[in-house]
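Okay, so here's the structure we're looking at.
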Amino acid sequence: MAEVSQESKKVLDIQEIRKEFPVLDQEVNGKPLAYFDNAATTQKPLQVIQALEDYYKGYNANIHRGIHTLAERATKAFEETRVVLHQFLNSKEKEEIIFTKGTTDSINLVASSFGRRFINEGDEIIVSGLEHHSNIVPWQILAEDKKATIKVIPVLDNGELDYEAFEKLISKRTKMVAVNHASNSLGTINDLPRIIKAAHQVGAKVLVDGAQATAHIALDVQSLDCDFYAISAHKFYGPTGAGALYGKRELLEEMPPYQSGGEMIKDVSFSGTTFNDIPYKFEAGTPNIADIVALKEAVNFVNRLGKENIASHEMNLLKYAVEGLSTIKDLKLVGTAAEKVSVQSFIIDGVHHFDIGQMLDARGVAVRTGHHCTQPLMESFGIEGTVRASFAVYNTVSEIDSMIEGLGRIVKFMK
Amino acid sequence: MAEVSQESKKVLDIQEIRKEFPVLDQEVNGKPLAYFDNAATTQKPLQVIQALEDYYKGYNANIHRGIHTLAERATKAFEETRVVLHQFLNSKEKEEIIFTKGTTDSINLVASSFGRRFINEGDEIIVSGLEHHSNIVPWQILAEDKKATIKVIPVLDNGELDYEAFEKLISKRTKMVAVNHASNSLGTINDLPRIIKAAHQVGAKVLVDGAQATAHIALDVQSLDCDFYAISAHKFYGPTGAGALYGKRELLEEMPPYQSGGEMIKDVSFSGTTFNDIPYKFEAGTPNIADIVALKEAVNFVNRLGKENIASHEMNLLKYAVEGLSTIKDLKLVGTAAEKVSVQSFIIDGVHHFDIGQMLDARGVAVRTGHHCTQPLMESFGIEGTVRASFAVYNTVSEIDSMIEGLGRIVKFMK
Amino acid sequence: MADSVKDIQDQIIEEFSILDGDMEMTNFYIMELGQKLDPMDEEKKTDDNIVKGCQSKVWLTAWLEENKVFFSADSNTAITKGLVSLLTRIFSGQTPDDIINADLYFPQEIGMDRFIGTQRSNGFGAMIKQMKLYALALKSKIEA
Amino acid sequence: MADSVKDIQDQIIEEFSILDGDMEMTNFYIMELGQKLDPMDEEKKTDDNIVKGCQSKVWLTAWLEENKVFFSADSNTAITKGLVSLLTRIFSGQTPDDIINADLYFPQEIGMDRFIGTQRSNGFGAMIKQMKLYALALKSKIEA
Ligand SMILES: Cc1ncc(COP(=O)(O)O)c(C=O)c1O
Ligand SMILES: Cc1ncc(COP(=O)(O)O)c(C=O)c1O
């Protein structure tokens with residue numbers, strides 16, 4: 001069902017891969033587009049776009065309860081993606097894969113449902129200082145509701161977590177540790193085995209925000225032994241509006257439903273309603289059928305190239321970019337952890353990140369600027385925001401050259 | 001921005017319209033497809049599919065905070081759909097349109113957020129006996145949480161609501177009345193002005209589940225004066241995974257956020273977080289950008305044809321179908337309200353609805369069978385389910401002929 | 001001795017071949033077969049004997065006779081009853097191992113394979129699974 | 001007397017035309033113009049004077065002199081400061097009515113119109129709106 005790359009180690013032909021992404025072949029402000037905003041959302045290969053078209057032109061229908069042929073075809077395709085994600089994340093069972101809108105939706109589901117059942121007054125929830133707002137605010141709201149407390153793992157100067165501080169924070173009161181696999185602002189890959197082991201020793205559960213990991217890091221939720229893993233399709237070459245939550249069966253079964261409505265029930269009556277089994281218990285309403293069907297092709301794309309090969313190309317780009325950035329006067333790299341995904345944030349002394357973003361856009365280079373939805377992290381570095389370049393498999397060194405050249409011109413002008 | 005039909009009364013050229021729906025041009029089990037499962041989900045015209053392709057091939061980017069050119073284009077297109085929906089529903093302001101996954105998501109948002117703020121112990125929530133599970137279960141869960149009570153408007157034999165009973169149910173204790181605009185199982189169009197007036201007289205708010213109305217009935221939330229209106233794009237020629245909630249500004253502003261994370265916040269810090277203005281307060285995380293962009297084209301499609309013209313064609317089909325069905329021995333129509341959308345449920349004495357569905361599918365006719373996510377309604381009629389044929393603008397009388405012929409054969413065989 | 005699983009499947013395929021893939025006729029024929037299914041004892045139609053995962057209800061029991069497995073089944077819908085009658089025809093009288101190891105290719109050949117993929121809407125796949133589970137349980141009974 | 005809103009816009013378009021649509025040069029030029037903007041009194045840079053809807057911050061005040069409106073502005077980002085300098089150049093010294101009724105076509109001509117559409121990421125549109133609101137408020141002051 002899933003296309004898996006045969007030779008696992010190979011050098012990718014980037015120019016051939018670029019042909020699968022029609023969006024890349026355009027000019028922005030009269031210059032060739034260099035899309036370095038991949039941590040915000042990746043572009044989509046033809047096979048994903050084609051899957052949407054095939055679905056809508058071929059067998060669109062509402063799923064699960066329909067018994068006519070189109071409904072059966074749509075249901076089959078939809079459920080195939082569940083199997084493919086189950087393999088992609090290496091969950092024990094396919095029923096542990098719940099379809100959601102994306103990472104934010106997945107985390108809200110856990111904060112609300114797990115929180116409702118398992119978080120009580122006086123409990124503690126640990127998040128890291130690297131987290132995206134989506135992995136902070138749901139826990140803040142839960143903590144306020146339940147009179148629980150939020151504890152924060154501090155971040156070291158290079159963007160790594162302070163694990164010793166974490167090990168002091170954790171205690172019998174800790175019920176949940178919520179950390180990302182990789183930081184969207186800095187690229188830091190967190191030492192999940194260490195975190196998960198320490199959490200499980202005190203009986204705490206661990207939710208991993210995998211938004212930034214899926215496109216870059218080989219995943220295995222069983223060997224990680226995390227309790228929840230949240231992902232967004234649009235961050236790994238898939239469509240917007242679709243994502244998933246992995247959760248261990250025994251937890252998902254004990255958790256109350258999150259949203260309610262069609263499909264997640266077994267029987268409804270005004271005297272009492274019983275809920276469906278997992279995963280359906282957590283999938284209320286008509287799902288995002290087309291995008292979930294197409295999501296399978298995003299996984300197939302990644303598998304065909306091979307995550308190892310993708311990561312190896314991206315690491316070359318990152319290294320090349322860091323070298324180039326280091327030649328720019330007054331430029332300071334933000335986030336220099338030893339283990340990183342292909343994200344590089346930086347600031348230039350005396351030049352606002354907004355101006356840098358605008359100037360780069362003027363030459364077709366798309367970067368993201370601002371706090372990247374990690375205000376607490378920015379605050380801990382004493383800055384308002386950064387410029388962030390994040391690379392995907394289709395990026396090239398000559399695109400990086402254009403960015404470095406643009407930065408050089410800006411600095412020359414501003415100083 | 002929105003294409004609006006110029007001549008408002010015209011006879012539609014259905015064969016021409018069918019060319020806009022490639023999915024219709026196929027054989028199922030060797031027979032031409034007759035798709036009568038439109039109440040479950042409609043098919044999508046080319047302009048919707050094309051909008052998805054244009055987005056992903058042309059300007060896919062994450063929205064709102066991005067300042068590069070693609071992000072600005074994507075943001076603009078996304079916000080244009082908000083304006084188009086604001087016009088489509090005739091809300092007072094565009095900020096009153098919140099993007100959601102669909103009707104179920106919209107209703108859950110209100111039940112959770114409005115409920116949290118405004119529902120207290122001893123309060124009453126009225127739903128109708130016609131409701132879809134998505135407009136029942138969220139209120140049941142809320143009522144259980146808050147020790148509030150659910151009251152149910154009874155359904156008359158013809159499928160209309162018992163308004164006199166309703167007017168006896170309603171009282172000062174009523175805080176919310178949740179009813180659909182049109183019933184998905186029976187087609188009944190409810191007398192919303194009457195319900196809303198009575199509700200407002202006692203200070204109750206009204207949520208309208210508009211899932212089945214959007215494709216058929218001209219909408220004006222201001223003149224209806226409902227407090228909330230929930231819709232799904234996939235029910236009116238739009239993509240799956242997208243929908244909206246209309247809410248009156250003053251209510252939305254007083255309601256706490258529902259989901260939390262990126263985009264819905266103003267400022268996040270570990271000492272306290274402030275939320276964004278509406279609509280963004282209710283739009284946490286990366287939205288379903290592509291589908292929301294494409295949703296605009298669904299509205300444009302409906303506007304181009306003209307809802308009045310669509311409805312007039314559909315009413316002809318409904319009338320034709322009812323006449324045909326009446327010739328079938330032992331067939332009983334379920335739902336014969338005076339005012340209906342183009343949905344017809346029926347049962348045949350001694351033949352299980354499942355068998356009818358399978359037999360019709362064998363000749364390419366796609367109907368839905370079962371309880372249609374309205375178990376309490378089925379229970380009140382003392383049946384387990386029905387066969388439901390629901391018509392859209394692209395359906396034809398010859399398709400109905402095929403259904404009637406098939407039903408005749410089944411009855412002949414079974415008896 | 002009963003024909004083998006393979007032989008019976010081949011007979012079924014042969015019988016259906018005259019319908020020439022016409023699905024409407026195929027369904028009629030399946031319903032006809034269902035009407036001929038041996039009636040199931042009413043007291044066996046308990047909730048415990050319902051096969052999970054069906055939209056239509058199927059009751060199914062199994063027992064051993066001389067180390068062969070026999071099935072009795074019923075359904076509230078005519079087509080499902082016909083489908084289950086095909087399965088009991090194939091499996092009743094076989095050894096547990098022959099059932100457990102059976103490779104069912106006839107659904108594909110008679111155009112009924114689409115019932116297998118999507119377990120939620122229809123119980124064909126669930127029925128087959130349940131019959132194999134019965135066979136497994138009864139096998140351990142023999143071996144015990 | 002000040003040049004009209006139209007005249008100044010035409011001058012701006014003329015000045016920018018030598019950049020030949022090169023967006024990088026255009027941005028540099030805009031930043032240069034920003035550097036020449038009259039400095040704003042630090043005590044006027046209050047939260048009250050921040051224009052809402054900007055990603056970068058803009059402070060903006062306005063006052064009347066002989067029934068003409070004058071603006072003072074600043075921004076924490078160079079490009080926005082340049083954009084606001086263009087707006088103050090056009091609007092400072094105009095009558096309230098001329099500002100209220102002004103049709104600004106220069107952003108389109110110099111390739112800056114994309115800043116207007118998406119109010120959330122950038123405050124160009126918000127700035128223009130705020131200037132018109134100031135003019136409206138000051139107009140009522142004259143009439144009072
Ligand atoms: C009347 C009604 N309400 C609610 C829903 C739920 O809509 P969705 O599944 O798109 O969330 C439906 C459709 O299934 C419906 O017909
Ligand atoms: C680390 C991280 N967590 C969570 C999110 C939220 O993902 P989404 O917006 O797809 O829900 C993002 C992306 O914005 C992210 O980078």
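Chains: A, B, ... in order of the structure tokens. Residues: from 1 per chain. Ligands: from 1, in order shown.
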Rotate and translate chain C onto chain D via least squares on all in-order Cα pairs, then write the result as an mmCIF file with C-alpha atoms, in the first residue's frame.
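Written output follows (part17.cif):
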```cif
data_model
loop_
_atom_site.group_PDB
_atom_site.id
_atom_site.type_symbol
_atom_site.label_atom_id
_atom_site.label_comp_id
_atom_site.auth_asym_id
_atom_site.auth_seq_id
_atom_site.Cartn_x
_atom_site.Cartn_y
_atom_site.Cartn_z
ATOM 1 C CA MET C 1 -0.336 76.144 -1.170
ATOM 2 C CA ALA C 2 0.492 72.476 -1.012
ATOM 3 C CA ASP C 3 0.354 70.381 -4.133
ATOM 4 C CA SER C 4 -2.792 68.320 -4.444
ATOM 5 C CA VAL C 5 -3.015 64.705 -3.383
ATOM 6 C CA LYS C 6 -3.040 63.812 -7.022
ATOM 7 C CA ASP C 7 -0.030 65.928 -7.881
ATOM 8 C CA ILE C 8 2.078 64.471 -5.115
ATOM 9 C CA GLN C 9 1.119 60.949 -6.035
ATOM 10 C CA ASP C 10 2.111 61.630 -9.599
ATOM 11 C CA GLN C 11 5.460 63.004 -8.417
ATOM 12 C CA ILE C 12 6.027 59.877 -6.361
ATOM 13 C CA ILE C 13 5.154 57.624 -9.268
ATOM 14 C CA GLU C 14 7.527 59.594 -11.442
ATOM 15 C CA GLU C 15 10.342 59.286 -8.911
ATOM 16 C CA PHE C 16 9.844 55.544 -8.543
ATOM 17 C CA SER C 17 9.621 54.985 -12.280
ATOM 18 C CA ILE C 18 13.381 55.097 -12.667
ATOM 19 C CA LEU C 19 13.596 51.971 -10.495
ATOM 20 C CA ASP C 20 11.868 50.185 -13.318
ATOM 21 C CA GLY C 21 9.765 47.952 -11.064
ATOM 22 C CA ASP C 22 12.757 46.301 -9.418
ATOM 23 C CA MET C 23 11.329 45.457 -6.026
ATOM 24 C CA GLU C 24 14.619 45.214 -4.235
ATOM 25 C CA MET C 25 15.590 48.713 -5.416
ATOM 26 C CA THR C 26 12.117 49.948 -4.621
ATOM 27 C CA ASN C 27 12.437 48.722 -1.060
ATOM 28 C CA PHE C 28 15.860 50.312 -0.685
ATOM 29 C CA TYR C 29 14.501 53.596 -1.968
ATOM 30 C CA ILE C 30 11.512 53.440 0.382
ATOM 31 C CA MET C 31 13.833 52.813 3.312
ATOM 32 C CA GLU C 32 15.907 55.776 2.266
ATOM 33 C CA LEU C 33 12.832 57.977 2.247
ATOM 34 C CA GLY C 34 12.015 56.677 5.699
ATOM 35 C CA GLN C 35 15.396 57.728 6.976
ATOM 36 C CA LYS C 36 14.564 61.283 5.937
ATOM 37 C CA LEU C 37 11.222 61.358 7.755
ATOM 38 C CA ASP C 38 10.951 64.167 10.291
ATOM 39 C CA PRO C 39 11.593 62.665 13.688
ATOM 40 C CA MET C 40 8.567 62.189 15.908
ATOM 41 C CA ASP C 41 8.546 63.431 19.479
ATOM 42 C CA GLU C 42 9.395 60.496 21.711
ATOM 43 C CA GLU C 43 6.548 61.375 24.082
ATOM 44 C CA LYS C 44 4.091 60.989 21.233
ATOM 45 C CA LYS C 45 5.085 57.371 20.762
ATOM 46 C CA THR C 46 2.418 56.139 23.125
ATOM 47 C CA ASP C 47 0.360 52.982 22.869
ATOM 48 C CA ASP C 48 -2.651 55.152 22.088
ATOM 49 C CA ASN C 49 -0.950 56.368 18.945
ATOM 50 C CA ILE C 50 -0.070 52.933 17.619
ATOM 51 C CA VAL C 51 -1.937 52.010 14.472
ATOM 52 C CA LYS C 52 -3.740 48.741 15.004
ATOM 53 C CA GLY C 53 -3.320 45.890 12.589
ATOM 54 C CA CYS C 54 0.356 46.316 11.925
ATOM 55 C CA GLN C 55 2.936 43.567 12.258
ATOM 56 C CA SER C 56 5.504 46.298 12.556
ATOM 57 C CA LYS C 57 4.643 49.173 14.845
ATOM 58 C CA VAL C 58 3.550 52.552 13.533
ATOM 59 C CA TRP C 59 2.947 55.596 15.689
ATOM 60 C CA LEU C 60 0.846 58.285 14.123
ATOM 61 C CA THR C 61 -0.510 61.641 15.300
ATOM 62 C CA ALA C 62 -2.249 64.468 13.523
ATOM 63 C CA TRP C 63 -3.129 68.066 14.241
ATOM 64 C CA LEU C 64 -4.620 71.101 12.565
ATOM 65 C CA GLU C 65 -2.794 74.175 11.372
ATOM 66 C CA GLU C 66 -4.927 76.793 9.640
ATOM 67 C CA ASN C 67 -7.556 74.199 8.893
ATOM 68 C CA LYS C 68 -5.029 71.950 7.241
ATOM 69 C CA VAL C 69 -4.130 68.546 8.638
ATOM 70 C CA PHE C 70 -0.542 67.664 9.526
ATOM 71 C CA PHE C 71 0.843 64.304 10.461
ATOM 72 C CA SER C 72 3.789 63.059 12.407
ATOM 73 C CA ALA C 73 4.735 59.398 12.312
ATOM 74 C CA ASP C 74 7.392 56.835 13.054
ATOM 75 C CA SER C 75 7.858 53.094 12.833
ATOM 76 C CA ASN C 76 10.158 50.484 14.296
ATOM 77 C CA THR C 77 10.807 48.999 10.876
ATOM 78 C CA ALA C 78 12.548 50.734 8.052
ATOM 79 C CA ILE C 79 10.233 49.817 5.214
ATOM 80 C CA THR C 80 7.107 50.740 7.083
ATOM 81 C CA LYS C 81 8.715 54.018 8.038
ATOM 82 C CA GLY C 82 9.385 54.670 4.384
ATOM 83 C CA LEU C 83 5.809 53.865 3.476
ATOM 84 C CA VAL C 84 4.439 56.103 6.161
ATOM 85 C CA SER C 85 6.759 58.884 5.015
ATOM 86 C CA LEU C 86 5.118 58.679 1.582
ATOM 87 C CA LEU C 87 1.720 59.004 3.174
ATOM 88 C CA THR C 88 2.665 61.982 5.324
ATOM 89 C CA ARG C 89 4.218 63.616 2.307
ATOM 90 C CA ILE C 90 0.950 63.242 0.434
ATOM 91 C CA PHE C 91 -1.438 64.108 3.227
ATOM 92 C CA SER C 92 0.341 66.658 5.415
ATOM 93 C CA GLY C 93 -0.963 70.112 4.609
ATOM 94 C CA GLN C 94 -4.138 68.942 2.873
ATOM 95 C CA THR C 95 -7.649 69.856 3.952
ATOM 96 C CA PRO C 96 -9.613 67.251 5.884
ATOM 97 C CA ASP C 97 -11.944 66.748 2.933
ATOM 98 C CA ASP C 98 -9.128 66.210 0.494
ATOM 99 C CA ILE C 99 -7.762 63.511 2.749
ATOM 100 C CA ILE C 100 -11.099 61.877 3.417
ATOM 101 C CA ASN C 101 -11.942 61.761 -0.260
ATOM 102 C CA ALA C 102 -8.463 60.910 -1.463
ATOM 103 C CA ASP C 103 -8.184 58.108 -3.965
ATOM 104 C CA LEU C 104 -4.751 56.589 -3.500
ATOM 105 C CA TYR C 105 -3.531 54.996 -6.673
ATOM 106 C CA PHE C 106 0.190 55.352 -6.147
ATOM 107 C CA PRO C 107 0.694 52.097 -4.166
ATOM 108 C CA GLN C 108 -0.421 50.115 -7.177
ATOM 109 C CA GLU C 109 1.850 52.084 -9.474
ATOM 110 C CA ILE C 110 4.967 51.606 -7.360
ATOM 111 C CA GLY C 111 4.246 47.920 -6.664
ATOM 112 C CA MET C 112 3.253 48.390 -3.060
ATOM 113 C CA ASP C 113 -0.458 47.622 -3.412
ATOM 114 C CA ARG C 114 -0.007 44.144 -2.018
ATOM 115 C CA PHE C 115 0.535 45.750 1.359
ATOM 116 C CA ILE C 116 -2.989 47.064 1.313
ATOM 117 C CA GLY C 117 -4.973 43.901 0.780
ATOM 118 C CA THR C 118 -3.910 41.884 3.762
ATOM 119 C CA GLN C 119 -4.373 44.167 6.691
ATOM 120 C CA ARG C 120 -3.271 41.695 9.267
ATOM 121 C CA SER C 121 0.324 41.202 8.237
ATOM 122 C CA ASN C 122 1.077 44.780 7.403
ATOM 123 C CA GLY C 123 -0.396 48.068 8.411
ATOM 124 C CA PHE C 124 -0.302 50.018 5.166
ATOM 125 C CA GLY C 125 -4.048 49.768 4.715
ATOM 126 C CA ALA C 126 -4.563 50.410 8.402
ATOM 127 C CA MET C 127 -2.358 53.497 8.239
ATOM 128 C CA ILE C 128 -4.343 55.005 5.399
ATOM 129 C CA LYS C 129 -7.562 54.280 7.228
ATOM 130 C CA GLN C 130 -6.219 55.835 10.399
ATOM 131 C CA MET C 131 -5.113 58.993 8.579
ATOM 132 C CA LYS C 132 -8.578 59.343 7.093
ATOM 133 C CA LEU C 133 -10.095 58.872 10.524
ATOM 134 C CA TYR C 134 -7.864 61.589 11.932
ATOM 135 C CA ALA C 135 -8.945 63.865 9.115
ATOM 136 C CA LEU C 136 -12.562 63.118 9.869
ATOM 137 C CA ALA C 137 -12.101 63.857 13.556
ATOM 138 C CA LEU C 138 -10.269 67.084 12.835
ATOM 139 C CA LYS C 139 -12.905 68.121 10.340
ATOM 140 C CA SER C 140 -15.599 67.954 12.981
ATOM 141 C CA LYS C 141 -13.316 70.074 15.153
ATOM 142 C CA ILE C 142 -13.260 72.756 12.457
ATOM 143 C CA GLU C 143 -16.992 72.609 12.006
ATOM 144 C CA ALA C 144 -17.697 72.735 15.725
#
```
**OP:** Identify all chain B residues at most 7 Å from chain D by counting only C-alpha atoms; ligands do not count. Present them as a PyMOL selection string.
**Re:** chain B and resi 64-67+72+75-76
For the selection you just gave me, I'd like the residues written to a file as a compact mmCIF listing (two decimals), in the first residue's frame, keeping N, CA, C and O atoms.
```
# COMPACT_ATOMS: atom_id res chain seq x y z
N HIS B 64 -1.65 34.54 7.20
CA HIS B 64 -1.78 35.52 8.26
C HIS B 64 -0.46 36.12 8.73
O HIS B 64 -0.25 37.30 8.59
N ARG B 65 0.45 35.31 9.25
CA ARG B 65 1.66 35.92 9.78
C ARG B 65 2.78 36.03 8.75
O ARG B 65 3.80 36.64 9.00
N GLY B 66 2.58 35.41 7.63
CA GLY B 66 3.64 35.44 6.63
C GLY B 66 3.64 36.75 5.89
O GLY B 66 2.59 37.33 5.60
N ILE B 67 4.83 37.28 5.59
CA ILE B 67 4.88 38.55 4.88
C ILE B 67 5.44 38.37 3.47
O ILE B 67 5.53 39.33 2.73
N GLU B 72 1.08 36.25 1.33
CA GLU B 72 0.10 37.32 1.18
C GLU B 72 -1.01 36.93 0.19
O GLU B 72 -2.18 37.24 0.41
N THR B 75 -3.22 34.40 1.99
CA THR B 75 -4.03 35.08 3.01
C THR B 75 -5.19 35.82 2.36
O THR B 75 -6.33 35.77 2.82
N LYS B 76 -4.88 36.49 1.27
CA LYS B 76 -5.91 37.26 0.57
C LYS B 76 -7.02 36.34 0.08
O LYS B 76 -8.21 36.61 0.27
```
**OP:** Could you tell me, as a ChimeraX atom specification, which residues of chain C DSSP assigns to alpha helix (DSSP H) when given the backbone?
**Re:** /C:5-17,23-35,78-91,96-100,106-109,114-117,124-143
Residue selection dump (C-alpha atoms) as a compact mmCIF listing (two decimals), in the first residue's frame:
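In the end it all went to out24.txt:
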```txt
# COMPACT_ATOMS: atom_id res chain seq x y z
CA VAL C 5 -13.21 -25.47 0.00
CA LYS C 6 -11.70 -25.00 -3.40
CA ASP C 7 -14.14 -27.30 -5.14
CA ILE C 8 -17.16 -25.61 -3.65
CA GLN C 9 -15.86 -22.18 -4.52
CA ASP C 10 -15.34 -23.30 -8.07
CA GLN C 11 -18.90 -24.64 -8.18
CA ILE C 12 -20.20 -21.32 -6.91
CA ILE C 13 -18.19 -19.39 -9.47
CA GLU C 14 -19.52 -21.67 -12.16
CA GLU C 15 -23.11 -21.17 -11.03
CA PHE C 16 -22.74 -17.39 -10.94
CA SER C 17 -21.02 -17.26 -14.31
CA MET C 23 -24.96 -7.14 -10.45
CA GLU C 24 -28.69 -6.81 -10.18
CA MET C 25 -29.15 -10.45 -11.22
CA THR C 26 -26.32 -11.47 -8.96
CA ASN C 27 -28.03 -9.85 -6.00
CA PHE C 28 -31.33 -11.50 -6.85
CA TYR C 29 -29.63 -14.86 -7.08
CA ILE C 30 -27.84 -14.34 -3.76
CA MET C 31 -31.13 -13.46 -2.11
CA GLU C 32 -32.65 -16.59 -3.54
CA LEU C 33 -29.87 -18.67 -2.06
CA GLY C 34 -30.49 -16.96 1.25
CA GLN C 35 -34.12 -17.97 1.17
CA ALA C 78 -31.84 -10.81 2.46
CA ILE C 79 -28.56 -10.15 0.71
CA THR C 80 -26.47 -10.74 3.77
CA LYS C 81 -28.38 -13.94 4.38
CA GLY C 82 -27.52 -15.03 0.87
CA LEU C 83 -23.87 -14.22 1.39
CA VAL C 84 -23.74 -16.08 4.65
CA SER C 85 -25.44 -19.06 3.00
CA LEU C 86 -22.55 -19.19 0.52
CA LEU C 87 -20.09 -19.22 3.37
CA THR C 88 -21.87 -21.96 5.30
CA ARG C 89 -22.10 -23.98 2.13
CA ILE C 90 -18.35 -23.71 1.70
CA PHE C 91 -17.31 -24.17 5.30
CA PRO C 96 -10.95 -26.72 11.37
CA ASP C 97 -7.62 -26.48 9.57
CA ASP C 98 -9.20 -26.32 6.16
CA ILE C 99 -11.32 -23.42 7.34
CA ILE C 100 -8.51 -21.61 9.09
CA PHE C 106 -14.87 -16.61 -4.91
CA PRO C 107 -16.08 -13.17 -3.69
CA GLN C 108 -13.82 -11.51 -6.21
CA GLU C 109 -15.00 -13.80 -8.98
CA ARG C 114 -16.18 -5.00 -2.40
CA PHE C 115 -18.07 -6.23 0.63
CA ILE C 116 -14.85 -7.42 2.17
CA GLY C 117 -12.77 -4.27 2.11
CA PHE C 124 -18.91 -10.00 4.93
CA GLY C 125 -15.29 -9.68 6.00
CA ALA C 126 -16.32 -9.88 9.63
CA MET C 127 -18.32 -13.03 8.96
CA ILE C 128 -15.38 -14.79 7.36
CA LYS C 129 -13.16 -13.75 10.23
CA GLN C 130 -15.70 -14.98 12.75
CA MET C 131 -16.02 -18.36 11.03
CA LYS C 132 -12.26 -18.76 11.12
CA LEU C 133 -12.25 -17.85 14.78
CA TYR C 134 -14.90 -20.46 15.49
CA ALA C 135 -12.81 -23.01 13.63
CA LEU C 136 -9.80 -22.06 15.68
CA ALA C 137 -11.72 -22.38 18.93
CA LEU C 138 -13.15 -25.73 17.92
CA LYS C 139 -9.75 -26.96 16.84
CA SER C 140 -8.35 -26.40 20.30
CA LYS C 141 -11.35 -28.33 21.61
CA ILE C 142 -10.35 -31.31 19.45
CA GLU C 143 -6.75 -31.09 20.53
```
**OP:** Please identify every polymer residue within 10 Å of ligand 2, using only C-alpha atoms and all ligand atoms, and present the set as number ranges by chain.
**Re:** A: 38-41, 100-108, 130-136, 179-187, 208-213, 230-235, 240-243, 372-374; B: 62, 260-263, 284-288
Subject >> Spatial neighbours of Glu53 of chain B, 7 Å, only C-alpha atoms, chain gap at least 4 places, as a PyMOL selection string >> reply: (chain A and resi 49) or (chain B and resi 49+57)
**OP:** Mind checking which residues fall within 10 Å of Phe88 of chain B, counting only C-alpha atoms, ignoring those fewer than 4 positions away in the same chain, and posting them as a list in words?
**Re:** Ala2, Arg82, Val83, Val84, Thr214, Ala218, Leu219, Asp220, Val221, Lys296, Val299, Asn300, Val302 and Asn303 of chain B
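Counting from atom CA of Phe301 of chain B, the distance to atom CA of Tyr280 of chain B is 27.0 Å.
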Original post:
Do you know which residues are at most 9 Å from Arg249 of chain B counting only C-alpha atoms, after dropping those on the same chain fewer than 3 positions away, and could you put them as a ChimeraX atom specification?
Top reply: /B:92-93,95-96,252-254,278
Take the residues that were just selected and, keeping C-alpha atoms, output them as a PDB file, in the first residue's frame.
```pdb
ATOM      1  CA  LYS B  92     -23.832  41.909   9.360  1.00  0.00           C
ATOM      2  CA  GLU B  93     -20.054  41.737   9.445  1.00  0.00           C
ATOM      3  CA  GLU B  95     -15.903  38.951  11.362  1.00  0.00           C
ATOM      4  CA  GLU B  96     -19.032  37.027  12.325  1.00  0.00           C
ATOM      5  CA  LEU B 252     -18.905  35.618  19.936  1.00  0.00           C
ATOM      6  CA  GLU B 253     -17.104  38.366  21.780  1.00  0.00           C
ATOM      7  CA  GLU B 254     -18.355  37.211  25.135  1.00  0.00           C
ATOM      8  CA  ILE B 278     -13.044  37.493  16.460  1.00  0.00           C
TER       9      ILE B 278
END
```
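By only C-alpha atoms, and with residues fewer than 4 positions from segment 394-402 of chain A along its chain excluded, the set lying at most 6 Å from it is A:Ile14, A:Arg18, A:Ala34.
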**OP:** Would you list the contacts of Ala61 of chain A as an MDAnalysis selection string, taking every protein, DNA or RNA residue within 7 Å and counting only C-alpha atoms, but skipping same-chain residues closer than 5 positions in sequence?
**Re:** (chainID A and resid 70:71 74) or (chainID B and resid 41)
